[in-house]
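Here's the structure, in structure tokens; my notes come after.
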Amino acid sequence: MRIGRRWVAGLFAAALLLPVPALAITRTAGGVKARQVTGRVTASDLVLHQSQERRTFVAFSRSLRTQFRRTDNVTRASVERVIRDTLLDLRAHWALETRTRTIVSSFDFPDL
């Protein structure tokens, strides 16, 4: 009987060691849900979606500024330009979502 229990416990342990699918990791790691809504949404859903994207943008800009904090002025100016252009693209994305009252998709930030 003890051998059977060890065997079952070994199966459970082996199941825990299996790799977690990448989709499951991206859903839980970021904390931000990426939803694709096809129909019209309420104003509160739109505000919630845009505030999540705003938090992601703030984290994106902070990480870029931290990464290039001790560089020369030209590089820091380039980083600020990338952040400004990303914010302009994000605002255009929000304007489209607000105008059409739909959540088009989550905003794609540039790779770091």
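Labeling convention for the structure tokens: chains A, B, ... as they appear, residues from 1 per chain, ligands from 1 in order of appearance.
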Original post:
Skipping near chain neighbours, those fewer than 6 positions away, what residues fall within 12 Å of A:Arg84 using only C-alpha atoms, listed as a ChimeraX atom specification?
Top reply: /A:57-58,60-61,64,77-78,90-91
**OP:** Fewer than 6 positions away in the same chain doesn't count, so skip those; otherwise give me all residues within 7 Å of stretch 39-47 of chain A, counting only C-alpha atoms, as a PyMOL selection string.
**Re:** chain A and resi 101-103
Could you dump the residues just selected with C-alpha atoms as a short mmCIF file (atom, residue, chain, number, x, y, z; two decimals), in the first residue's frame?
data_model
loop_
_atom_site.label_atom_id
_atom_site.label_comp_id
_atom_site.auth_asym_id
_atom_site.auth_seq_id
_atom_site.Cartn_x
_atom_site.Cartn_y
_atom_site.Cartn_z
CA ARG A 101 -16.58 53.16 -28.07
CA THR A 102 -14.86 49.80 -28.53
CA ILE A 103 -11.73 48.27 -27.08
#
Subject >> Separation of atom CA of A:Phe68 from atom CA of A:Ser106 in Å >> reply: 26.3 Å
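Residues lying within 12 Å of A:Arg81, counting only C-alpha atoms and ignoring same-chain neighbours fewer than 6 positions away, are Ser61, Leu64, Arg65, Val74, Thr75, Leu87 and Leu88 of chain A.
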Store the residues picked out above in a file with C-alpha atoms, as an mmCIF file, in the first residue's frame.
data_model
loop_
_atom_site.group_PDB
_atom_site.id
_atom_site.type_symbol
_atom_site.label_atom_id
_atom_site.label_comp_id
_atom_site.auth_asym_id
_atom_site.auth_seq_id
_atom_site.Cartn_x
_atom_site.Cartn_y
_atom_site.Cartn_z
ATOM 1 C CA SER A 61 8.830 54.950 -19.318
ATOM 2 C CA LEU A 64 13.648 53.211 -19.993
ATOM 3 C CA ARG A 65 14.680 56.224 -17.940
ATOM 4 C CA VAL A 74 22.281 62.654 -26.748
ATOM 5 C CA THR A 75 21.234 59.171 -25.667
ATOM 6 C CA LEU A 87 2.808 58.464 -25.586
ATOM 7 C CA LEU A 88 1.544 60.156 -28.749
#
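For the choices A:Thr100, A:Ser105, A:Trp94, A:Arg76, the atom-to-atom distance to A:Ser51 is smallest for A:Trp94 when using only C-alpha atoms.
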**OP:** Quote the spacing between atom CA of A:Thr98 and atom CA of A:Arg54 in Å to one decimal place.
**Re:**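 That distance, rounded to one decimal, is 14.6 Å.
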**OP:** Go through A:Glu97, A:Asp72, A:Asp85, A:Glu80 and flag the residue nearest A:Gln50, using only C-alpha atoms for the distances.
**Re:**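 Smallest separation from A:Gln50 among the options: A:Glu97.
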Original post:
What is the atom CA of A:Phe109 to atom CA of A:Thr56 distance in Å?
Top reply: 8.8 Å
